[in-house]
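Q: Hey, dropping work_36.tsv in here, TSV, C-alpha atoms:
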```tsv
chain	number	residue	atom	x	y	z
A	1	MET	CA	-37.72	58.37	70.20
A	2	ALA	CA	-38.78	54.80	69.42
A	3	VAL	CA	-35.12	53.80	69.09
A	4	VAL	CA	-34.33	55.36	72.46
A	5	VAL	CA	-37.26	53.56	74.09
A	6	VAL	CA	-36.14	50.18	72.72
A	7	LEU	CA	-32.59	50.85	73.90
A	8	LEU	CA	-33.92	51.89	77.32
A	9	ALA	CA	-35.95	48.73	77.67
A	10	ARG	CA	-33.07	46.49	76.58
A	11	SER	CA	-30.35	48.20	78.57
A	12	ARG	CA	-29.32	46.56	81.84
A	13	ASN	CA	-26.80	49.18	82.82
A	14	LEU	CA	-28.23	51.91	85.05
A	15	PHE	CA	-25.66	54.47	83.91
A	16	GLY	CA	-26.71	53.98	80.31
A	17	VAL	CA	-30.38	54.11	81.30
A	18	VAL	CA	-29.90	57.49	83.00
A	19	LEU	CA	-28.11	58.95	79.97
A	20	LEU	CA	-30.73	57.53	77.59
A	21	GLY	CA	-33.41	59.06	79.80
A	22	GLY	CA	-31.73	62.43	79.29
A	23	VAL	CA	-31.68	61.86	75.52
A	24	TYR	CA	-35.37	60.99	75.63
A	25	SER	CA	-36.10	64.20	77.53
A	26	PHE	CA	-34.32	66.27	74.89
A	27	LEU	CA	-36.30	64.55	72.14
A	28	THR	CA	-39.51	65.26	74.05
A	29	ALA	CA	-38.44	68.90	74.28
A	30	THR	CA	-38.01	69.09	70.50
A	31	VAL	CA	-41.45	67.55	70.03
A	32	LEU	CA	-42.89	70.21	72.37
A	33	VAL	CA	-41.16	72.94	70.36
A	34	ALA	CA	-42.75	71.49	67.23
A	35	LEU	CA	-46.11	71.71	69.03
A	36	ASP	CA	-45.45	75.43	69.74
A	37	ALA	CA	-45.28	74.85	73.50
A	38	VAL	CA	-41.96	76.58	73.92
A	39	ASP	CA	-42.39	77.28	77.65
A	40	VAL	CA	-42.98	73.62	78.40
A	41	ALA	CA	-40.14	72.60	76.09
A	42	MET	CA	-37.74	74.82	77.99
A	43	THR	CA	-38.83	73.33	81.29
A	44	GLU	CA	-38.50	69.80	79.93
A	45	ALA	CA	-35.01	70.44	78.57
A	46	SER	CA	-33.72	72.07	81.74
A	47	VAL	CA	-35.43	69.93	84.37
A	48	GLY	CA	-35.93	66.61	82.60
A	49	ALA	CA	-32.69	66.45	80.69
A	50	GLY	CA	-30.49	68.60	82.89
A	51	ILE	CA	-31.19	68.56	86.60
A	52	SER	CA	-32.85	65.18	86.93
A	53	THR	CA	-30.06	63.49	84.95
A	54	VAL	CA	-27.50	65.00	87.30
A	55	LEU	CA	-29.56	63.96	90.33
A	56	PHE	CA	-29.98	60.42	89.00
A	57	LEU	CA	-26.25	60.18	88.42
A	58	GLY	CA	-25.68	61.41	91.97
A	59	ALA	CA	-28.09	58.81	93.33
A	60	LEU	CA	-26.36	56.15	91.21
A	61	HIS	CA	-23.03	57.19	92.64
A	62	LEU	CA	-24.44	56.69	96.14
A	63	CYS	CA	-26.00	53.31	95.40
A	64	LYS	CA	-22.98	51.61	93.78
A	65	SER	CA	-24.67	50.72	90.52
A	66	GLU	CA	-24.23	47.29	89.06
A	67	ASP	CA	-25.57	45.55	85.98
A	68	ALA	CA	-28.74	43.64	86.65
A	69	ARG	CA	-29.40	40.25	85.15
A	70	PRO	CA	-31.86	40.17	82.27
A	71	ALA	CA	-35.44	39.86	83.40
A	72	ARG	CA	-36.63	36.25	83.33
A	73	ARG	CA	-40.11	36.48	81.95
A	74	PRO	CA	-40.64	39.73	80.08
A	75	TRP	CA	-43.74	38.51	78.27
A	76	PRO	CA	-46.50	39.33	80.82
A	77	ALA	CA	-45.04	42.81	81.31
A	78	LEU	CA	-44.74	43.31	77.57
A	79	ALA	CA	-48.33	42.16	77.03
A	80	LEU	CA	-49.53	44.53	79.77
A	81	SER	CA	-47.73	47.54	78.26
A	82	VAL	CA	-48.99	46.75	74.78
A	83	ALA	CA	-52.55	46.40	76.12
A	84	VAL	CA	-52.37	49.72	78.00
A	85	GLY	CA	-50.87	51.40	74.94
A	86	ALA	CA	-53.66	50.01	72.77
A	87	VAL	CA	-56.29	51.35	75.19
A	88	LEU	CA	-54.62	54.79	75.16
A	89	VAL	CA	-54.49	54.86	71.36
A	90	TYR	CA	-58.15	53.80	71.26
A	91	GLY	CA	-59.00	56.62	73.69
A	92	ALA	CA	-57.03	59.10	71.63
A	93	GLN	CA	-59.30	58.35	68.68
A	94	GLY	CA	-62.08	60.11	70.55
A	95	LEU	CA	-60.12	63.32	71.05
A	96	PRO	CA	-60.85	66.29	68.80
A	97	ALA	CA	-58.47	66.77	65.89
A	98	PHE	CA	-55.23	68.57	66.69
A	99	SER	CA	-55.64	72.38	66.87
A	100	ASP	CA	-59.32	72.13	65.97
A	101	PRO	CA	-60.72	75.57	66.89
A	102	ALA	CA	-64.20	74.17	67.44
A	103	SER	CA	-63.15	71.65	70.09
A	104	ALA	CA	-64.52	72.00	73.61
A	105	ILE	CA	-61.28	73.15	75.23
A	106	HIS	CA	-61.04	76.15	72.90
A	107	GLN	CA	-64.57	77.32	73.61
A	108	HIS	CA	-64.48	77.94	77.36
A	109	VAL	CA	-61.95	80.47	78.71
A	110	VAL	CA	-59.36	80.37	75.96
A	111	PRO	CA	-60.97	83.09	73.77
A	112	ARG	CA	-61.17	85.41	76.79
A	113	TYR	CA	-57.51	84.83	77.65
A	114	LEU	CA	-56.37	85.28	74.09
A	115	ASN	CA	-58.42	88.43	73.52
A	116	ASP	CA	-58.19	90.17	76.87
A	117	ALA	CA	-54.93	89.05	78.48
A	118	PRO	CA	-52.65	91.47	76.57
A	119	LYS	CA	-55.02	94.35	77.32
A	120	GLU	CA	-55.68	93.47	80.96
A	121	THR	CA	-52.17	92.55	82.04
A	122	GLY	CA	-49.95	94.32	79.51
A	123	VAL	CA	-47.99	91.10	79.08
A	124	PRO	CA	-47.69	89.82	75.52
A	125	ASN	CA	-46.81	86.25	76.52
A	126	ILE	CA	-50.19	84.73	77.33
A	127	VAL	CA	-48.63	81.74	79.05
A	128	THR	CA	-46.96	84.01	81.59
A	129	ALA	CA	-50.13	86.05	82.01
A	130	VAL	CA	-52.26	82.98	82.72
A	131	LEU	CA	-49.63	81.40	84.95
A	132	ALA	CA	-48.85	84.36	87.14
A	133	SER	CA	-52.04	86.39	87.06
A	134	TYR	CA	-55.22	84.49	86.19
A	135	ARG	CA	-53.97	81.32	87.85
A	136	GLY	CA	-51.90	83.09	90.48
A	137	PHE	CA	-53.24	80.95	93.30
A	138	ASP	CA	-52.28	77.75	91.48
A	139	THR	CA	-48.76	79.00	90.90
A	140	PHE	CA	-48.52	80.03	94.54
A	141	GLY	CA	-49.49	76.48	95.51
A	142	GLU	CA	-46.96	75.14	93.03
A	143	THR	CA	-44.17	77.23	94.51
A	144	THR	CA	-45.15	76.03	97.95
A	145	VAL	CA	-45.02	72.45	96.71
A	146	VAL	CA	-41.48	72.99	95.39
A	147	PHE	CA	-40.51	74.50	98.73
A	148	THR	CA	-42.09	71.60	100.60
A	149	ALA	CA	-40.24	69.10	98.43
A	150	GLY	CA	-36.95	70.83	99.18
A	151	ALA	CA	-37.75	70.95	102.89
A	152	GLY	CA	-38.57	67.23	102.79
A	153	VAL	CA	-35.24	66.39	101.16
A	154	VAL	CA	-33.43	68.51	103.73
A	155	ALA	CA	-35.26	66.78	106.56
A	156	LEU	CA	-34.47	63.32	105.16
A	157	LEU	CA	-30.88	63.72	104.06
A	158	ARG	CA	-29.37	66.25	106.43
A	159	ARG	CA	-26.40	64.79	108.24
A	160	ARG	CA	-26.47	65.17	111.94
A	161	ARG	CA	-23.17	66.45	113.12
A	162	PRO	CA	-21.18	63.80	114.95
A	163	GLY	CA	-21.41	64.05	118.69
A	164	ARG	CA	-24.82	65.69	118.61
A	165	LYS	CA	-27.74	63.70	119.87
A	166	PRO	CA	-30.34	62.96	117.18
B	167	MET	CA	-11.61	66.18	87.06
B	168	ARG	CA	-10.04	69.09	88.90
B	169	HIS	CA	-6.97	69.14	86.64
B	170	ASP	CA	-8.78	68.87	83.36
B	171	LEU	CA	-7.70	72.07	81.63
B	172	ILE	CA	-10.15	72.00	78.74
B	173	LEU	CA	-13.17	71.42	80.95
B	174	ARG	CA	-12.15	74.21	83.30
B	175	VAL	CA	-11.59	76.73	80.51
B	176	VAL	CA	-14.83	75.82	78.74
B	177	ALA	CA	-16.73	76.02	82.03
B	178	LYS	CA	-15.28	79.45	82.74
B	179	LEU	CA	-16.37	80.59	79.30
B	180	LEU	CA	-19.84	79.08	79.48
B	181	ILE	CA	-21.01	79.81	83.01
B	182	PRO	CA	-21.38	83.61	82.57
B	183	PHE	CA	-23.48	83.02	79.49
B	184	ILE	CA	-25.65	80.44	81.25
B	185	LEU	CA	-26.30	82.91	84.07
B	186	LEU	CA	-26.98	85.69	81.56
B	187	PHE	CA	-29.42	83.39	79.76
B	188	ALA	CA	-31.15	82.67	83.06
B	189	LEU	CA	-31.59	86.40	83.65
B	190	TYR	CA	-32.84	86.85	80.09
B	191	VAL	CA	-35.36	84.04	80.52
B	192	GLN	CA	-36.45	85.57	83.82
B	193	PHE	CA	-36.96	89.17	82.72
B	194	HIS	CA	-37.96	88.50	79.15
B	195	GLY	CA	-40.55	85.94	80.24
B	196	ASP	CA	-43.28	88.56	79.78
B	197	PHE	CA	-42.53	88.86	76.09
B	198	GLY	CA	-41.05	85.53	75.01
B	199	PRO	CA	-41.02	82.01	76.30
B	200	GLY	CA	-39.78	81.49	79.80
B	201	GLY	CA	-40.49	82.66	83.29
B	202	GLY	CA	-39.51	82.22	86.88
B	203	PHE	CA	-39.46	78.42	86.97
B	204	GLN	CA	-37.25	78.00	83.91
B	205	ALA	CA	-34.93	80.82	84.96
B	206	GLY	CA	-34.53	79.35	88.43
B	207	VAL	CA	-33.65	75.94	87.02
B	208	ILE	CA	-31.14	77.39	84.55
B	209	ALA	CA	-29.43	79.45	87.24
B	210	ALA	CA	-29.24	76.37	89.48
B	211	ALA	CA	-27.85	74.37	86.56
B	212	ALA	CA	-25.07	76.92	86.12
B	213	VAL	CA	-23.99	76.50	89.74
B	214	ILE	CA	-24.30	72.69	89.49
B	215	PHE	CA	-22.08	72.82	86.39
B	216	TYR	CA	-19.55	74.84	88.36
B	217	ALA	CA	-19.69	72.31	91.18
B	218	LEU	CA	-19.17	69.39	88.77
B	219	ILE	CA	-16.07	70.95	87.23
B	220	PHE	CA	-14.44	72.75	90.13
B	221	GLY	CA	-15.62	70.59	93.01
B	222	LEU	CA	-18.28	70.95	95.62
B	223	ALA	CA	-16.17	72.92	98.08
B	224	ASP	CA	-15.55	75.71	95.58
B	225	ALA	CA	-19.22	75.86	94.68
B	226	ARG	CA	-20.07	76.09	98.37
B	227	ARG	CA	-17.71	79.03	98.65
B	228	VAL	CA	-19.46	80.82	95.77
B	229	VAL	CA	-23.02	79.99	96.82
B	230	PRO	CA	-22.91	79.18	100.52
B	231	GLU	CA	-25.35	76.72	102.03
B	232	PRO	CA	-27.17	79.14	104.38
B	233	LEU	CA	-27.89	81.39	101.39
B	234	VAL	CA	-29.38	78.46	99.46
B	235	GLU	CA	-31.52	77.42	102.40
B	236	SER	CA	-32.85	80.90	102.93
B	237	MET	CA	-33.51	81.29	99.20
B	238	MET	CA	-35.93	78.35	99.42
B	239	ALA	CA	-38.06	80.22	101.93
B	240	ILE	CA	-37.51	83.77	100.62
B	241	GLY	CA	-39.05	82.93	97.25
B	242	VAL	CA	-42.30	81.69	98.80
B	243	LEU	CA	-42.32	84.73	101.08
B	244	VAL	CA	-41.87	87.10	98.13
B	245	TYR	CA	-44.77	85.42	96.34
B	246	GLY	CA	-46.96	85.51	99.43
B	247	GLY	CA	-45.78	89.04	100.17
B	248	VAL	CA	-47.10	90.25	96.82
B	249	GLY	CA	-50.45	88.77	97.79
B	250	VAL	CA	-50.39	90.40	101.22
B	251	ILE	CA	-49.40	93.79	99.76
B	252	GLY	CA	-52.45	93.46	97.53
B	253	LEU	CA	-54.52	92.87	100.68
B	254	LEU	CA	-53.01	95.89	102.44
B	255	LEU	CA	-53.68	98.15	99.47
B	256	GLY	CA	-57.34	97.26	99.65
B	257	GLY	CA	-57.60	94.49	97.10
B	258	GLN	CA	-57.94	90.75	97.44
B	259	PHE	CA	-55.13	88.27	98.02
B	260	LEU	CA	-52.89	88.17	94.91
B	261	ASP	CA	-54.89	91.02	93.41
B	262	TYR	CA	-52.41	92.85	91.19
B	263	PHE	CA	-54.70	95.61	89.98
B	264	VAL	CA	-54.18	97.66	93.14
B	265	LEU	CA	-50.38	97.59	93.00
B	266	ASP	CA	-50.20	100.70	90.83
B	267	HIS	CA	-52.46	103.59	89.83
B	268	ASP	CA	-52.71	102.11	86.39
B	269	PRO	CA	-54.23	98.62	86.69
B	270	VAL	CA	-52.24	97.34	83.71
B	271	HIS	CA	-48.99	98.52	85.30
B	272	GLY	CA	-50.13	96.93	88.54
B	273	GLN	CA	-50.59	93.62	86.77
B	274	HIS	CA	-47.17	93.93	85.22
B	275	ARG	CA	-45.57	94.68	88.55
B	276	GLY	CA	-47.39	91.84	90.29
B	277	ILE	CA	-46.41	89.29	87.64
B	278	PHE	CA	-42.81	90.50	87.78
B	279	TRP	CA	-42.45	90.02	91.53
B	280	VAL	CA	-44.33	86.75	91.54
B	281	GLU	CA	-41.95	85.40	88.90
B	282	VAL	CA	-38.98	86.60	90.94
B	283	GLY	CA	-40.34	84.67	93.92
B	284	VAL	CA	-40.80	81.50	91.86
B	285	ALA	CA	-37.26	81.77	90.45
B	286	ILE	CA	-35.67	82.23	93.88
B	287	THR	CA	-37.47	79.27	95.41
B	288	VAL	CA	-36.90	76.94	92.47
B	289	SER	CA	-33.19	77.62	92.14
B	290	GLY	CA	-32.76	77.37	95.91
B	291	VAL	CA	-34.51	74.01	96.10
B	292	MET	CA	-32.68	72.55	93.08
B	293	LEU	CA	-29.30	73.61	94.44
B	294	LYS	CA	-30.09	72.37	97.91
B	295	ILE	CA	-31.12	68.94	96.62
B	296	PHE	CA	-27.94	68.74	94.55
B	297	TYR	CA	-25.79	69.79	97.50
B	298	MET	CA	-27.41	67.16	99.71
B	299	PHE	CA	-26.86	64.35	97.20
B	300	ALA	CA	-23.31	65.31	96.31
B	301	ASP	CA	-22.30	65.92	99.90
B	302	ARG	CA	-23.58	62.56	101.06
B	303	GLY	CA	-21.52	60.71	98.48
B	304	ARG	CA	-18.36	62.54	99.43
B	305	ILE	CA	-18.69	61.85	103.14
B	306	ASP	CA	-19.35	58.16	102.50
B	307	GLU	CA	-16.18	57.90	100.46
B	308	SER	CA	-13.90	59.44	103.04
```
Represent the structure of the file as structure tokens.

A:
Amino acid sequence: MAVVVVLLARSRNLFGVVLLGGVYSFLTATVLVALDAVDVAMTEASVGAGISTVLFLGALHLCKSEDARPARRPWPALALSVAVGAVLVYGAQGLPAFSDPASAIHQHVVPRYLNDAPKETGVPNIVTAVLASYRGFDTFGETTVVFTAGAGVVALLRRRRPGRKP
Amino acid sequence: MRHDLILRVVAKLLIPFILLFALYVQFHGDFGPGGGFQAGVIAAAAVIFYALIFGLADARRVVPEPLVESMMAIGVLVYGGVGVIGLLLGGQFLDYFVLDHDPVHGQHRGIFWVEVGVAITVSGVMLKIFYMFADRGRIDES
């Protein structure tokens, strides 16, 4: 992943950047699989690496991509990213250890979901049970957001037929 | 691209399996990883793949634009409809327990239809966005 990031930062060709972005998404998906978040990994692989790469390529095709000149002064930007990264790493020190069962997030509703979800919903995949049943309102809002995004794109990009008044 | 034999043959071989995988992800989402969102994206990706290999016009013939546009809305309506059916059967909005005599079956049924709604909307929106982008480029060229 580090290699891909360095290549991304050094690349001046948008086509290469889009493809490297897809590679990065796939690597992220493998990391998520290693973290046992298979649902998220599947979403990342299909949306991040698949659809958004295709959409970026489509947008690139529309914009007539060309190689940009190298940035003049990369040092302030580099210093800023390193500083933000350092702050994030410092903050991560305060997080509970990975998969620590005594951490706060595993004390609240997680035991109830893990113990009762298969009995209450009859669905063995807890992620699906939480998504569609316990958090049904959130998912409804999410679906509406996806619909709204699509409607927005349609409203922006729809071609008016020639000869019809706008 | 249209005359590339290998791509066309491979696409013909792959697309049925991609669609089958989308259905598997959709209906097996209760038991394994996956669900409506992932299944919708995979199904849309299959059609986008078809459009990339065989051209946009052919893809439009297979999945016509009005169908895609109505899919966007139908999915949300299916999701909301499950909620309203729950209301009509005497429960609360998006209350799945009342959908069947057995509350567990009711939950199962509710989750199933909600996931169907999510899948329809997501694949509709993804396809519509792709159609809009691809179509715009083609018109500009001509």

Q: Tell me, counting only C-alpha atoms, for each residue of chain A within 8 Å of chain B, which pair of atoms is nearest and how far apart they are in Å to one decimal, in rows ordered by chain and increasing number, as a tab-separated table.

A:
```
residue	atom	partner	partner_atom	distance
A:Val38	CA	B:Pro199	CA	6.0
A:Asp39	CA	B:Pro199	CA	5.1
A:Met42	CA	B:Gln204	CA	6.7
A:Thr43	CA	B:Gln204	CA	5.6
A:Ser46	CA	B:Ile208	CA	6.5
A:Val47	CA	B:Val207	CA	6.8
A:Gly50	CA	B:Ala211	CA	7.3
A:Ile51	CA	B:Ala211	CA	6.7
A:Leu55	CA	B:Phe296	CA	6.6
A:Gly58	CA	B:Phe299	CA	6.1
A:Ala59	CA	B:Phe299	CA	6.9
A:His61	CA	B:Gly303	CA	7.0
A:Leu62	CA	B:Gly303	CA	5.5
A:Lys119	CA	B:Val270	CA	7.6
A:Glu120	CA	B:Val270	CA	5.9
A:Thr121	CA	B:Val270	CA	5.1
A:Gly122	CA	B:Val270	CA	5.7
A:Val123	CA	B:Asp196	CA	5.4
A:Pro124	CA	B:Phe197	CA	5.3
A:Asn125	CA	B:Phe197	CA	5.0
A:Thr128	CA	B:Asp196	CA	6.1
A:Ala129	CA	B:Ile277	CA	7.5
A:Ala132	CA	B:Ile277	CA	5.5
A:Ser133	CA	B:Ile277	CA	6.4
A:Gly136	CA	B:Leu260	CA	6.8
A:Phe137	CA	B:Leu260	CA	7.4
A:Phe140	CA	B:Tyr245	CA	6.8
A:Thr143	CA	B:Val284	CA	6.1
A:Thr144	CA	B:Val242	CA	6.4
A:Val146	CA	B:Val288	CA	6.7
A:Phe147	CA	B:Met238	CA	6.0
A:Ala149	CA	B:Val291	CA	7.9
A:Gly150	CA	B:Val291	CA	5.1
A:Val153	CA	B:Ile295	CA	6.6
A:Val154	CA	B:Met298	CA	7.4
A:Leu157	CA	B:Met298	CA	6.5
A:Arg158	CA	B:Met298	CA	7.1
```

Q: Please, what distance in Å, to one decimal, runs between CA of Thr139 in chain A and CA of Val250 in chain B?

A: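 Computed distance, CA of Thr139 in chain A to CA of Val250 in chain B, equals 15.5 Å.
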
Q: Just give me the gap between CA of Thr30 in chain A and CA of Met1 in chain A in Å, one decimal is fine.

A: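 So the answer is 10.7 Å.
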
Q: Within 9 Å of (-28.9, 60.5, 83.1) (file coordinates; only C-alpha atoms), which protein or nucleic acid residues are there? I'd like them as a list in words.

A: Leu14, Phe15, Gly16, Val17, Val18, Leu19, Leu20, Gly21, Gly22, Val23, Ala49, Gly50, Ser52, Thr53, Val54, Leu55, Phe56 and Leu57 of chain A

Q: Padding of 6 Å on every side, edges along x, y and z, all listed atoms of range 254-267 of chain B included: what centre and edge lengths in Å, to one decimal, does that box have, as AutoDock Vina command-line options?

A:
```
--center_x -54.1 --center_y 95.9 --center_z 96.1 --size_x 19.7 --size_y 27.4 --size_z 24.6
```

Q: Find the distance between CA of Val31 in chain A and CA of Ala92 in chain A and write it in Å to one decimal.

A: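 CA of Val31 in chain A sits 17.8 Å away from CA of Ala92 in chain A.
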
Q: Restricting the calculation to all atoms listed in the file, which member of B:Val248, B:Ala209, B:Val228, B:Leu173 is positioned closest to Leu189 in chain B?

A: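 Nearest to Leu189 in chain B: B:Ala209.
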